[in-house]
Each structure stands twice: as structure tokens, then as C-alpha cells.
file coords_34.cif (mmCIF, C-alpha atoms)
data_my_file
#
loop_
_atom_site.group_PDB
_atom_site.id
_atom_site.type_symbol
_atom_site.label_atom_id
_atom_site.label_comp_id
_atom_site.auth_asym_id
_atom_site.auth_seq_id
_atom_site.Cartn_x
_atom_site.Cartn_y
_atom_site.Cartn_z
ATOM 1 C CA MET A 10 36.177 36.353 -12.988
ATOM 2 C CA LEU A 11 36.633 33.192 -10.954
ATOM 3 C CA SER A 12 34.998 34.628 -7.865
ATOM 4 C CA THR A 13 32.024 35.849 -9.911
ATOM 5 C CA SER A 14 31.393 32.472 -11.516
ATOM 6 C CA LEU A 15 31.873 30.755 -8.166
ATOM 7 C CA ALA A 16 29.309 33.075 -6.608
ATOM 8 C CA VAL A 17 26.847 32.378 -9.428
ATOM 9 C CA TRP A 18 27.299 28.603 -9.121
ATOM 10 C CA SER A 19 26.869 28.814 -5.356
ATOM 11 C CA ALA A 20 23.718 30.903 -5.660
ATOM 12 C CA VAL A 21 22.202 28.589 -8.280
ATOM 13 C CA ALA A 22 23.012 25.475 -6.247
ATOM 14 C CA ALA A 23 21.552 27.050 -3.108
ATOM 15 C CA ALA A 24 18.410 28.078 -4.981
ATOM 16 C CA LEU A 25 17.889 24.599 -6.437
ATOM 17 C CA LEU A 26 18.375 22.942 -3.056
ATOM 18 C CA THR A 27 16.006 25.436 -1.447
ATOM 19 C CA VAL A 28 13.317 24.759 -4.049
ATOM 20 C CA GLN A 29 13.721 21.020 -3.515
ATOM 21 C CA ALA A 30 13.576 21.404 0.277
ATOM 22 C CA VAL A 31 10.433 23.542 0.108
ATOM 23 C CA LEU A 32 8.773 21.110 -2.300
ATOM 24 C CA LEU A 33 9.485 18.139 -0.049
ATOM 25 C CA ALA A 34 8.436 20.074 3.056
ATOM 26 C CA LEU A 35 5.103 21.006 1.485
ATOM 27 C CA ALA A 36 4.479 17.599 -0.088
ATOM 28 C CA PRO A 37 6.097 14.912 2.093
ATOM 29 C CA ARG A 38 4.023 12.265 0.309
ATOM 30 C CA LEU A 39 6.197 12.928 -2.743
ATOM 31 C CA LEU A 40 9.202 11.714 -0.763
ATOM 32 C CA LEU A 41 7.289 8.564 0.183
ATOM 33 C CA PHE A 42 6.344 8.074 -3.465
ATOM 34 C CA LEU A 43 9.957 8.400 -4.582
ATOM 35 C CA ALA A 44 11.255 6.072 -1.856
ATOM 36 C CA SER A 45 8.872 3.125 -2.195
ATOM 37 C CA SER A 46 7.408 0.936 -4.887
ATOM 38 C CA PRO A 47 4.542 2.467 -6.890
ATOM 39 C CA ALA A 48 1.981 -0.133 -5.783
ATOM 40 C CA ASN A 49 2.363 0.784 -2.101
ATOM 41 C CA ALA A 50 2.918 4.500 -2.432
ATOM 42 C CA LEU A 51 -0.340 5.636 -3.992
ATOM 43 C CA SER A 52 -3.625 5.816 -2.177
ATOM 44 C CA PRO A 53 -6.671 4.534 -4.083
ATOM 45 C CA LEU A 54 -7.633 8.101 -5.008
ATOM 46 C CA GLU A 55 -4.119 8.921 -6.232
ATOM 47 C CA LEU A 56 -4.010 5.703 -8.241
ATOM 48 C CA PHE A 57 -7.376 6.508 -9.838
ATOM 49 C CA LEU A 58 -6.298 10.043 -10.730
ATOM 50 C CA ALA A 59 -2.940 8.882 -12.075
ATOM 51 C CA GLN A 60 -4.585 6.317 -14.333
ATOM 52 C CA HIS A 61 -7.362 8.553 -15.604
ATOM 53 C CA LEU A 62 -5.353 11.739 -16.031
ATOM 54 C CA ALA A 63 -2.726 9.784 -17.974
ATOM 55 C CA ILE A 64 -5.353 9.203 -20.663
ATOM 56 C CA PHE A 65 -5.316 12.936 -21.445
ATOM 57 C CA LEU A 66 -1.567 12.869 -21.998
#

call {"tool": "encode", "arguments": {"input": "coords_34.cif", "output": "C-alpha cells"}}
result
Amino acid sequence: MLSTSLAVWSAVAAALLTVQAVLLALAPRLLLFLASSPANALSPLELFLAQHLAIFL
């Protein structure tokens, strides 16, 4: 029982970390966005899209 739940937790943790690693590898600008202030992180196009797409939400 303990080894089964430990294996499940290990697999889930590994899967989540893998998904996060792939996401940051494919979109490194996301890491820059998370690490810096919002005013510096967005390009003019990204700022425009963020402002105008937020209207639809």
C-alpha cells in the first residue's frame, strides 16, 4: 500500500515537473514575464493583445 501510493506521488510529481519544464523550454518569454515587473516584460504587441483580449473576459 505504501509503496503504491509513493509510486503514484512520484509519478505525478515527475509529470508536473516535466510539463512545467517543457512549457518553460517552449516559451522562455513566460519565465521572463514571471521574473520581472509587468511594465518591462511585455512587448508593445503583447501589451496591446493583453489589454484588448481582456475586454472579452

call {"tool": "atom_distance", "arguments": {"input": "coords_34.cif", "atom1": "CA of Ala20 (chain A)", "atom2": "CA of Phe42 (chain A)"}}
result
28.8 Å

call {"tool": "atom_distance", "arguments": {"input": "coords_34.cif", "atom1": "CA of Leu26 (chain A)", "atom2": "CA of Leu43 (chain A)"}}
result
16.9 Å

call {"tool": "closest_residue", "arguments": {"input": "coords_34.cif", "among": "A:Arg38, A:Val28, A:Ile64, A:Thr13", "to": "Ser52 (chain A)", "atoms": "all atoms listed in the file"}}
result
A:Arg38

call {"tool": "atom_distance", "arguments": {"input": "coords_34.cif", "atom1": "CA of Glu55 (chain A)", "atom2": "CA of Leu39 (chain A)"}}
result
11.6 Å
